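What follows is the content of run.txt, which has compact mmCIF, C-alpha atoms:
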```txt
# COMPACT_ATOMS: atom_id res chain seq x y z
CA MET I 2 0.00 0.00 0.00
CA ASP I 3 1.08 3.52 -0.75
CA ARG I 4 -0.93 5.37 1.90
CA ALA I 5 0.57 6.41 5.23
CA LEU I 6 -0.03 4.71 8.56
CA THR I 7 -2.81 6.36 10.59
CA VAL I 8 -4.07 6.11 14.14
CA ASP I 9 -7.21 4.36 12.92
CA ASP I 10 -5.06 1.65 11.35
CA LEU I 11 -3.27 1.08 14.64
CA VAL I 12 -6.56 0.98 16.56
CA LEU I 13 -8.08 -1.55 14.16
CA ALA I 14 -4.92 -3.67 14.24
CA GLY I 15 -4.93 -3.58 18.06
CA ILE I 16 -8.60 -4.58 18.11
CA ALA I 17 -7.87 -7.50 15.76
CA LEU I 18 -4.97 -8.71 17.90
CA ALA I 19 -6.99 -8.33 21.11
CA ALA I 20 -9.90 -10.21 19.55
CA GLY I 21 -7.60 -13.05 18.53
CA LEU I 22 -6.03 -13.15 22.00
CA LEU I 23 -9.43 -13.11 23.71
CA LEU I 24 -10.70 -15.86 21.44
CA ALA I 25 -7.62 -17.94 22.26
CA PHE I 26 -8.23 -17.61 26.03
CA LEU I 27 -11.95 -18.38 25.70
CA SER I 28 -11.35 -21.41 23.50
CA ARG I 29 -8.70 -22.72 25.87
CA GLY I 30 -11.08 -22.41 28.84
CA LEU I 31 -13.86 -24.13 26.90
CA LEU I 32 -11.58 -26.97 25.86
CA ARG I 33 -10.35 -27.35 29.45
CA TRP I 34 -13.99 -27.82 30.50
CA LEU I 35 -14.51 -30.36 27.70
CA ALA I 36 -11.38 -32.24 28.81
CA LYS I 37 -12.83 -32.75 32.30
CA HIS I 38 -16.00 -34.24 30.81
CA ALA I 39 -14.02 -36.35 28.35
CA LYS I 40 -12.16 -38.05 31.21
CA ARG I 41 -15.47 -39.42 32.50
CA THR I 42 -16.09 -41.43 29.35
CA ARG I 43 -14.76 -44.94 28.76
CA TRP I 44 -13.26 -44.18 25.36
CA SER I 45 -9.82 -42.65 25.69
CA GLY I 46 -9.86 -41.27 22.16
CA ASP I 47 -11.93 -38.21 23.10
CA ASP I 48 -9.29 -37.28 25.69
CA VAL I 49 -6.63 -37.32 22.98
CA ILE I 50 -8.72 -35.23 20.58
CA VAL I 51 -9.63 -32.58 23.15
CA ASP I 52 -6.02 -32.38 24.35
CA ALA I 53 -4.84 -31.80 20.78
CA LEU I 54 -7.51 -29.14 20.16
CA ARG I 55 -6.30 -27.31 23.26
CA THR I 56 -3.06 -26.74 21.33
CA VAL I 57 -4.26 -25.98 17.81
CA VAL I 58 -7.35 -23.83 18.48
CA PRO I 59 -5.63 -21.09 20.57
CA TRP I 60 -2.77 -20.89 18.07
CA ALA I 61 -5.25 -20.67 15.20
CA ALA I 62 -7.08 -17.85 16.99
CA LEU I 63 -3.83 -15.96 17.51
CA ALA I 64 -2.81 -16.48 13.88
CA GLY I 65 -6.22 -15.27 12.71
CA GLY I 66 -5.99 -12.14 14.84
CA ALA I 67 -2.48 -11.43 13.54
CA ALA I 68 -3.62 -11.96 9.94
CA ALA I 69 -6.53 -9.56 10.43
CA ALA I 70 -4.21 -6.97 11.98
CA ALA I 71 -1.79 -7.27 9.06
CA ALA I 72 -4.67 -6.87 6.59
CA VAL I 73 -5.76 -3.49 7.99
CA LEU I 74 -2.24 -2.06 8.19
CA PRO I 75 -0.81 -0.27 5.15
CA LEU I 76 1.99 -2.79 4.57
CA THR I 77 3.93 -3.12 1.36
CA ARG I 78 3.29 -6.10 -0.84
CA THR I 79 6.57 -7.75 0.12
CA VAL I 80 6.02 -7.32 3.86
CA GLN I 81 2.43 -8.50 3.52
CA HIS I 82 3.58 -11.60 1.62
CA HIS I 83 6.22 -12.48 4.21
CA THR I 84 3.76 -11.91 7.04
CA ASP I 85 1.20 -14.19 5.44
CA GLN I 86 3.86 -16.83 4.86
CA CYS I 87 4.98 -16.73 8.50
CA LEU I 88 1.41 -17.01 9.74
CA LYS I 89 0.72 -19.93 7.40
CA VAL I 90 3.86 -21.73 8.58
CA LEU I 91 2.88 -21.15 12.20
CA LEU I 92 -0.62 -22.47 11.60
CA ILE I 93 0.62 -25.51 9.64
CA PHE I 94 3.12 -26.26 12.41
CA ALA I 95 0.41 -26.12 15.09
CA VAL I 96 -1.94 -28.29 13.01
CA THR I 97 0.83 -30.80 12.27
CA VAL I 98 1.84 -31.15 15.91
CA SER I 99 -1.78 -31.52 16.97
CA ALA I 100 -2.49 -34.05 14.21
CA ALA I 101 0.57 -36.07 15.21
CA ARG I 102 -0.57 -36.03 18.82
CA VAL I 103 -4.12 -37.07 17.93
CA ILE I 104 -3.18 -39.87 15.54
CA ALA I 105 -0.42 -41.20 17.81
CA GLY I 106 -2.77 -41.09 20.79
CA LEU I 107 -5.48 -42.97 18.90
CA VAL I 108 -2.95 -45.60 17.75
CA GLN I 109 -1.75 -46.03 21.33
CA SER I 110 -5.35 -46.33 22.54
CA VAL I 111 -6.05 -49.05 19.99
CA THR I 112 -2.85 -50.97 20.77
CA GLN I 113 -3.53 -50.82 24.50
CA SER I 114 -7.10 -52.05 24.10
CA ARG I 115 -5.93 -54.99 22.00
CA SER I 116 -2.65 -55.74 23.77
CA GLY I 117 -3.95 -56.30 27.26
CA VAL I 118 -2.79 -55.32 30.68
CA ALA I 119 -1.44 -51.76 30.79
CA GLY I 120 0.71 -52.41 27.75
CA SER I 121 2.09 -49.97 25.23
CA ALA I 122 3.55 -50.70 21.81
CA THR I 123 5.46 -47.47 21.18
CA ILE I 124 6.87 -48.73 17.89
CA PHE I 125 3.57 -47.99 16.13
CA VAL I 126 3.14 -44.71 18.00
CA ASN I 127 6.61 -43.47 17.07
CA ILE I 128 6.27 -44.47 13.42
CA THR I 129 2.90 -42.71 13.18
CA ARG I 130 4.23 -39.55 14.82
CA VAL I 131 7.28 -39.40 12.52
CA LEU I 132 5.17 -39.89 9.39
CA VAL I 133 2.73 -37.12 10.32
CA LEU I 134 5.55 -34.70 11.19
CA ALA I 135 7.32 -35.52 7.92
CA ILE I 136 4.15 -34.80 5.93
CA GLY I 137 3.72 -31.51 7.77
CA PHE I 138 7.34 -30.57 7.02
CA LEU I 139 6.79 -31.23 3.30
CA VAL I 140 3.61 -29.11 3.36
CA VAL I 141 5.56 -26.24 4.95
CA LEU I 142 8.21 -26.44 2.23
CA GLN I 143 5.54 -26.46 -0.45
CA THR I 144 3.85 -23.46 1.17
CA LEU I 145 7.14 -21.52 1.14
CA GLY I 146 7.49 -22.22 -2.57
CA ILE I 147 10.31 -24.75 -2.22
CA SER I 148 9.98 -27.70 -4.60
CA ILE I 149 9.97 -30.99 -2.74
CA ALA I 150 10.57 -33.21 -5.80
CA PRO I 151 14.40 -32.87 -5.68
CA LEU I 152 14.29 -33.43 -1.93
CA LEU I 153 12.34 -36.67 -2.34
CA THR I 154 14.75 -37.80 -5.05
CA ALA I 155 17.73 -37.08 -2.84
CA LEU I 156 16.12 -38.91 0.06
CA GLY I 157 15.51 -41.92 -2.16
CA VAL I 158 19.14 -42.09 -3.24
CA GLY I 159 20.50 -41.33 0.22
CA GLY I 160 18.17 -43.90 1.77
CA LEU I 161 20.29 -46.70 0.30
CA ALA I 162 23.38 -45.47 2.12
CA VAL I 163 21.42 -44.98 5.32
CA ALA I 164 19.97 -48.49 5.04
CA LEU I 165 23.45 -49.99 4.70
CA ALA I 166 24.74 -48.01 7.69
CA LEU I 167 21.75 -48.90 9.89
CA GLN I 168 21.33 -52.60 9.10
CA ASP I 169 21.01 -53.72 12.70
CA THR I 170 18.64 -50.89 13.58
CA LEU I 171 16.41 -51.56 10.58
CA ALA I 172 16.48 -55.30 11.29
CA ASN I 173 15.25 -54.65 14.82
CA LEU I 174 12.63 -52.21 13.52
CA PHE I 175 11.11 -54.63 11.03
CA ALA I 176 11.43 -57.51 13.49
CA GLY I 177 9.40 -55.52 16.01
CA ILE I 178 6.75 -54.72 13.39
CA HIS I 179 6.59 -58.39 12.40
CA ILE I 180 6.26 -59.52 16.02
CA LEU I 181 3.36 -57.16 16.68
CA ALA I 182 1.67 -57.75 13.33
CA SER I 183 1.78 -61.53 13.73
CA LYS I 184 0.56 -61.21 17.33
CA THR I 185 3.26 -63.61 18.49
CA VAL I 186 4.01 -61.35 21.45
CA GLN I 187 1.96 -58.40 22.69
CA PRO I 188 2.54 -56.02 25.60
CA GLY I 189 1.16 -57.62 28.74
CA ASP I 190 2.10 -61.20 27.76
CA TYR I 191 4.18 -63.39 30.07
CA ILE I 192 6.99 -65.02 28.07
CA ARG I 193 9.99 -67.25 28.73
CA LEU I 194 13.00 -67.23 26.39
CA SER I 195 15.17 -70.23 25.64
CA SER I 196 18.06 -68.40 27.34
CA GLY I 197 16.11 -68.46 30.62
CA GLU I 198 14.81 -64.89 30.91
CA GLU I 199 11.11 -64.60 31.63
CA GLY I 200 8.61 -61.94 32.63
CA TYR I 201 5.87 -59.61 31.43
CA VAL I 202 6.37 -57.76 28.15
CA VAL I 203 6.22 -54.07 29.05
CA ASP I 204 6.93 -52.42 25.72
CA ILE I 205 8.01 -53.14 22.14
CA ASN I 206 9.62 -50.10 20.55
CA TRP I 207 11.55 -49.53 17.31
CA ARG I 208 14.69 -51.27 18.57
CA GLN I 209 14.07 -53.47 21.60
CA THR I 210 11.55 -55.31 23.71
CA THR I 211 11.43 -54.62 27.45
CA VAL I 212 10.50 -57.50 29.76
CA ARG I 213 9.71 -56.98 33.45
CA GLN I 214 10.62 -59.96 35.62
CA LEU I 215 8.66 -60.98 38.70
CA SER I 216 11.51 -59.50 40.76
CA ASN I 217 10.61 -56.13 39.12
CA ASN I 218 13.87 -56.02 37.16
CA LEU I 219 13.84 -55.06 33.48
CA VAL I 220 15.35 -57.27 30.77
CA VAL I 221 16.01 -55.58 27.41
CA VAL I 222 15.99 -57.89 24.38
CA PRO I 223 16.70 -56.67 20.81
CA ASN I 224 13.74 -57.31 18.52
CA GLY I 225 15.87 -59.24 16.05
CA GLN I 226 17.06 -61.59 18.77
CA LEU I 227 13.52 -62.03 20.09
CA ALA I 228 12.26 -62.95 16.62
CA LYS I 229 14.94 -65.65 16.22
CA THR I 230 14.92 -67.24 19.68
CA ASN I 231 12.74 -70.08 20.95
CA MET I 232 10.10 -68.64 23.25
CA THR I 233 7.15 -69.83 25.32
CA ASN I 234 4.20 -67.45 25.62
CA PHE I 235 2.14 -68.29 28.71
CA THR I 236 -0.59 -65.78 27.82
CA ARG I 237 -1.51 -67.01 24.33
CA PRO I 238 -3.68 -68.44 22.94
CA GLU I 239 -5.40 -67.77 26.29
CA GLN I 240 -4.28 -66.30 29.56
CA GLN I 241 -5.73 -69.04 31.76
CA LEU I 242 -3.54 -72.11 32.21
CA THR I 243 -3.22 -75.29 34.24
CA ILE I 244 -0.50 -76.17 36.74
CA LEU I 245 0.69 -79.53 37.99
CA VAL I 246 1.39 -80.31 41.65
CA GLN I 247 3.17 -83.59 42.41
CA VAL I 248 2.07 -85.44 45.59
CA GLY I 249 2.89 -88.85 47.09
CA VAL I 250 1.32 -90.96 49.85
CA SER I 251 2.42 -94.14 51.63
CA TYR I 252 1.49 -97.61 50.36
CA ASP I 253 -0.79 -98.33 53.30
CA SER I 254 -3.04 -95.33 52.44
CA ASP I 255 -6.63 -95.76 51.27
CA LEU I 256 -6.44 -94.25 47.79
CA ASP I 257 -10.18 -93.57 47.66
CA GLN I 258 -9.88 -91.58 50.88
CA VAL I 259 -6.80 -89.78 49.54
CA GLU I 260 -8.67 -88.80 46.39
CA ARG I 261 -11.73 -87.63 48.32
CA VAL I 262 -9.72 -85.53 50.81
CA THR I 263 -7.59 -84.03 48.05
CA HIS I 264 -10.72 -83.03 46.12
CA GLU I 265 -12.08 -81.28 49.21
CA VAL I 266 -8.85 -79.35 49.69
CA ILE I 267 -8.85 -78.40 46.02
CA ALA I 268 -12.41 -77.09 46.23
CA GLU I 269 -11.56 -75.06 49.34
CA THR I 270 -8.43 -73.58 47.77
CA MET I 271 -10.06 -72.73 44.43
CA THR I 272 -12.90 -70.80 46.05
CA GLU I 273 -10.88 -68.87 48.63
CA ILE I 274 -7.61 -67.94 46.89
CA THR I 275 -7.46 -64.99 44.49
CA GLY I 276 -6.42 -65.94 40.98
CA ALA I 277 -7.78 -69.50 41.11
CA LEU I 278 -10.44 -70.74 38.70
CA PRO I 279 -13.27 -72.40 40.62
CA GLU I 280 -15.05 -73.25 37.35
CA HIS I 281 -12.05 -75.23 36.12
CA GLU I 282 -12.54 -78.97 36.61
CA PRO I 283 -9.57 -80.21 38.69
CA ALA I 284 -8.07 -83.63 38.13
CA ILE I 285 -6.22 -86.16 40.29
CA ARG I 286 -4.23 -88.83 38.47
CA PHE I 287 -2.29 -91.62 40.21
CA HIS I 288 0.66 -92.57 38.05
CA THR I 289 3.67 -94.08 39.89
CA PHE I 290 4.55 -96.88 42.30
CA GLY I 291 7.65 -95.25 43.71
CA ASP I 292 10.35 -96.54 46.07
CA SER I 293 8.36 -95.59 49.15
CA ARG I 294 5.20 -93.89 47.95
CA ILE I 295 2.41 -93.88 45.44
CA GLY I 296 2.75 -90.75 43.36
CA PHE I 297 -0.05 -88.77 41.79
CA THR I 298 -0.51 -85.42 40.06
CA VAL I 299 -3.01 -82.71 40.94
CA ILE I 300 -4.06 -80.50 38.02
CA LEU I 301 -5.32 -77.02 38.95
CA GLY I 302 -6.53 -74.05 36.91
CA VAL I 303 -5.15 -70.53 37.44
CA GLY I 304 -6.01 -67.16 35.94
CA GLU I 305 -2.49 -66.20 34.81
CA PHE I 306 1.10 -67.30 35.14
CA SER I 307 2.02 -65.33 38.27
CA ASP I 308 -1.01 -66.67 40.18
CA GLN I 309 0.37 -70.21 40.25
CA PHE I 310 2.93 -69.50 42.98
CA ARG I 311 0.36 -68.21 45.45
CA ILE I 312 -2.07 -71.02 44.66
CA LYS I 313 0.59 -73.75 44.96
CA HIS I 314 1.71 -72.25 48.26
CA GLU I 315 -1.77 -72.31 49.78
CA PHE I 316 -2.72 -75.67 48.33
CA ILE I 317 0.37 -77.47 49.66
CA LYS I 318 -0.08 -75.94 53.14
CA ARG I 319 -3.75 -76.89 53.33
CA LEU I 320 -3.19 -80.36 51.87
CA HIS I 321 -0.41 -81.13 54.34
CA ARG I 322 -2.52 -79.97 57.28
CA ARG I 323 -5.54 -81.97 56.11
CA TYR I 324 -3.50 -85.14 55.54
CA ARG I 325 -2.20 -84.93 59.11
CA GLU I 326 -5.75 -84.56 60.41
CA GLU I 327 -6.94 -87.53 58.35
CA GLY I 328 -3.96 -89.72 59.23
CA ILE I 329 -2.70 -89.88 55.67
CA ARG I 330 1.06 -90.25 55.71
CA ILE I 331 3.49 -88.65 53.26
CA PRO I 332 6.59 -90.83 53.75
CA ALA I 333 10.17 -89.77 53.30
CA PRO I 334 11.96 -91.84 50.63
CA THR I 335 13.77 -94.86 52.14
CA ARG I 336 15.86 -97.67 50.68
CA THR I 337 17.13 -100.95 52.18
CA VAL I 338 20.72 -101.78 51.24
CA ALA I 339 21.96 -105.38 51.65
CA LEU I 340 25.69 -105.65 52.46
CA GLN I 341 27.30 -108.98 51.59
CA GLN I 342 29.65 -109.07 54.60
CA GLY I 343 28.87 -111.77 57.04
CA ALA I 344 25.38 -112.04 55.47
CA VAL I 345 24.25 -109.03 57.46
CA VAL I 346 21.47 -106.89 56.09
CA ILE I 347 21.81 -103.29 57.23
CA PRO I 348 18.83 -101.02 56.55
CA GLN I 349 20.00 -97.60 55.48
CA GLN I 350 17.67 -94.62 55.15
CA ARG I 351 18.11 -92.46 52.06
CA VAL I 352 18.03 -88.71 52.52
CA PRO I 353 14.76 -87.22 51.22
CA ASP I 354 14.89 -85.40 47.92
CA GLY I 355 15.97 -81.78 48.25
CA LEU I 356 17.26 -82.26 51.83
CA SER I 357 20.72 -82.91 53.26
CA SER I 358 21.53 -84.94 56.36
CA GLY I 359 24.48 -82.72 57.14
CA LEU I 360 26.78 -85.77 57.61
CA PRO I 361 29.52 -86.85 55.23
CA HIS I 362 28.81 -90.13 53.44
CA THR I 363 30.41 -92.40 50.84
CA ASP I 364 29.09 -94.96 48.37
CA ARG I 365 31.68 -97.55 49.50
CA PRO I 366 30.66 -99.99 52.28
CA PRO I 367 32.53 -99.68 55.58
CA ALA I 368 35.53 -101.98 56.04
CA ALA I 369 34.78 -105.11 58.02
CA GLY I 370 36.36 -105.26 61.43
CA ARG I 371 38.75 -107.99 62.32
```
Spit out the file's structure as structure tokens when you get a sec.
Amino acid sequence: MDRALTVDDLVLAGIALAAGLLLAFLSRGLLRWLAKHAKRTRWSGDDVIVDALRTVVPWAALAGGAAAAAAVLPLTRTVQHHTDQCLKVLLIFAVTVSAARVIAGLVQSVTQSRSGVAGSATIFVNITRVLVLAIGFLVVLQTLGISIAPLLTALGVGGLAVALALQDTLANLFAGIHILASKTVQPGDYIRLSSGEEGYVVDINWRQTTVRQLSNNLVVVPNGQLAKTNMTNFTRPEQQLTILVQVGVSYDSDLDQVERVTHEVIAETMTEITGALPEHEPAIRFHTFGDSRIGFTVILGVGEFSDQFRIKHEFIKRLHRRYREEGIRIPAPTRTVALQQGAVVIPQQRVPDGLSSGLPHTDRPPAAGR
């Protein structure tokens, strides 16, 4: 414009800026009120959307007020063009950041709802966020009049060199995507690796998988190694599983009584202990005539892997107490050894499994006295 700046121009520009600022504050307060109501709903997606709008709407209001103020001022064509460009870049940046936050939040909400217990698969979230930000960056370049075709060509050629330099990183990235896409492992699963590590999968990101052990320590496993190793998943195809408890009674026991008493203890344990499955049909199977006992297996149902330790603990305590009350004996393993010296048979008691007598011993028979 060729005309001179007047007081009216400054007043109108100030009114436009004040209107944009006021609209930004009002919209932020309204969105804060909507965020409180969104937290009461079950769907977490509305929280993500409202939180993103709390960023983009105030910035859009400020950019609109600044654009209106620039329109009423007698600026030259060059200054007006640069001002419009700056406001467009600012608005595109705010929209891009908000869009990345919304889409990444929705992806995380979906992965958590499908993965299970408080899990997060940040590999999908990070990839989504990077893609949205990259698209926004290209839109900004196009808005500024910079051609993006040479940039895309250069990225395509340079991508080969980057791929060669980041082989391990890309291998872990695609291994993590394959693991999640095939649903072999999901956050919240309890796994055991062939190397011995086991625990709950906490997160699968672009490079590694984090496993939390029952001792609350974290084990970090590269995705490529996880995809190649032998692994047992105790959560899939279903989280509920059965456990085996080995028991043995003496030969003079009434096996019908043993089975009846054991069933009663099972029923008591399954209904009173958290994590047990009362609806699961337990089983008792006699299977071995041992050296000093008749062995059988008790099959119990538990809700998840970590519940088995508590249930085994309570079941063994209650079964031992009930057997003592019923007069059912759980014998210690014994063995009679015949020594061919003077035709004397010396009974020798074998130490029970898992215990130590505390006395030195040898496999050779004692020397005969003269």
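Picture a line from CA of Ser216 (chain I) to CA of Leu181 (chain I); it runs 25.5 Å.
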Mind running region 132-236 of chain I against region 95-104 of chain I at 8 Å and telling me each contacting residue's nearest atom pair with the distance in Å (one decimal), counting only C-alpha atoms, chain and number ascending, as CSV?
```
residue,atom,partner,partner_atom,distance
I:Val133,CA,I:Ala101,CA,5.4
I:Leu134,CA,I:Thr97,CA,6.2
I:Gly137,CA,I:Thr97,CA,5.4
```
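The coordinates place CA of Asn206 (chain I) at 11.4 Å from CA of Thr170 (chain I).
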Quiz prompt | Computed interatomic separation between CA of Ile180 (chain I) and CA of Lys229 (chain I) (Å) | solution = 10.6 Å
Exercise. Write out as an NGL selection string the residues lying within 6 Å of region 60-64 of chain I, counting all atoms listed in the file and excluding same-chain residues fewer than 3 positions away.
Key: :I and (21-22 or 25 or 57 or 67 or 88)
Quiz item: Looking at only C-alpha atoms, which of I:Phe310, I:Phe316, I:Tyr324, I:Phe290 is the one that sits closest to Gln258 (chain I)?
Solution: I:Tyr324
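Residue nearest Ala53 (chain I), chosen from I:Leu32, I:Val262, I:Ala71, I:Ala150 and counting all atoms listed in the file: I:Leu32.
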Exercise. Find the residues around Leu194 (chain I) up to 6 Å (all atoms listed in the file counted), leave out those fewer than 3 positions away in its own chain, and share them as a ChimeraX atom specification.
Key: /I:197-198,232
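Distances from I:Ile149, I:Met271, I:Val202, I:Ile331 to Gly302 (chain I) were compared using only C-alpha atoms, and the smallest one belongs to I:Met271.
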Could you write out as lines of an AutoDock Vina configuration file the box around region 178-183 of chain I (axis-aligned, all atoms listed in the file, 4 Å on each side), with centre and edge lengths in Å to one decimal?
```
center_x = 4.2
center_y = -58.1
center_z = 14.5
size_x = 13.1
size_y = 14.8
size_z = 12.3
```
Quiz prompt | Nearest to Val222 (chain I) by atom-to-atom distance, counting only C-alpha atoms, from I:Arg33, I:Arg330, I:Arg208, I:Lys313 | solution =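 Of I:Arg33, I:Arg330, I:Arg208, I:Lys313, the one nearest Val222 (chain I) is I:Arg208, counting only C-alpha atoms.
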Quiz prompt | Pick from I:Ile178, I:His38, I:Gln168, I:Thr236 nearest to Ile128 (chain I), counting only C-alpha atoms | solution = I:Ile178
Exercise. Determine, counting only C-alpha atoms, every residue of protein, DNA or RNA that lies within 9 Å of (2.4, -89.2, 40.4) in the file coordinates, then give the result as number ranges by chain.
Key: I: 247-249, 286-291, 295-299
Quiz prompt | Nearest-residue call for Val90 (chain I), choices I:Ala72, I:Leu139, I:Ile16, I:Val126, using all atoms listed in the file | solution =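 Among I:Ala72, I:Leu139, I:Ile16, I:Val126, it is I:Leu139 that comes nearest to Val90 (chain I).
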Quiz prompt | Long-range neighbours of His281 (chain I) as a list of chain:residue names, 10 Å cut-off, all atoms listed in the file, 2 positions minimum in chain | solution = I:Gln241, I:Leu242, I:Thr243, I:Met271, I:Ala277, I:Leu278, I:Pro279, I:Pro283, I:Ala284, I:Ile300, I:Leu301, I:Gly302, I:Val303
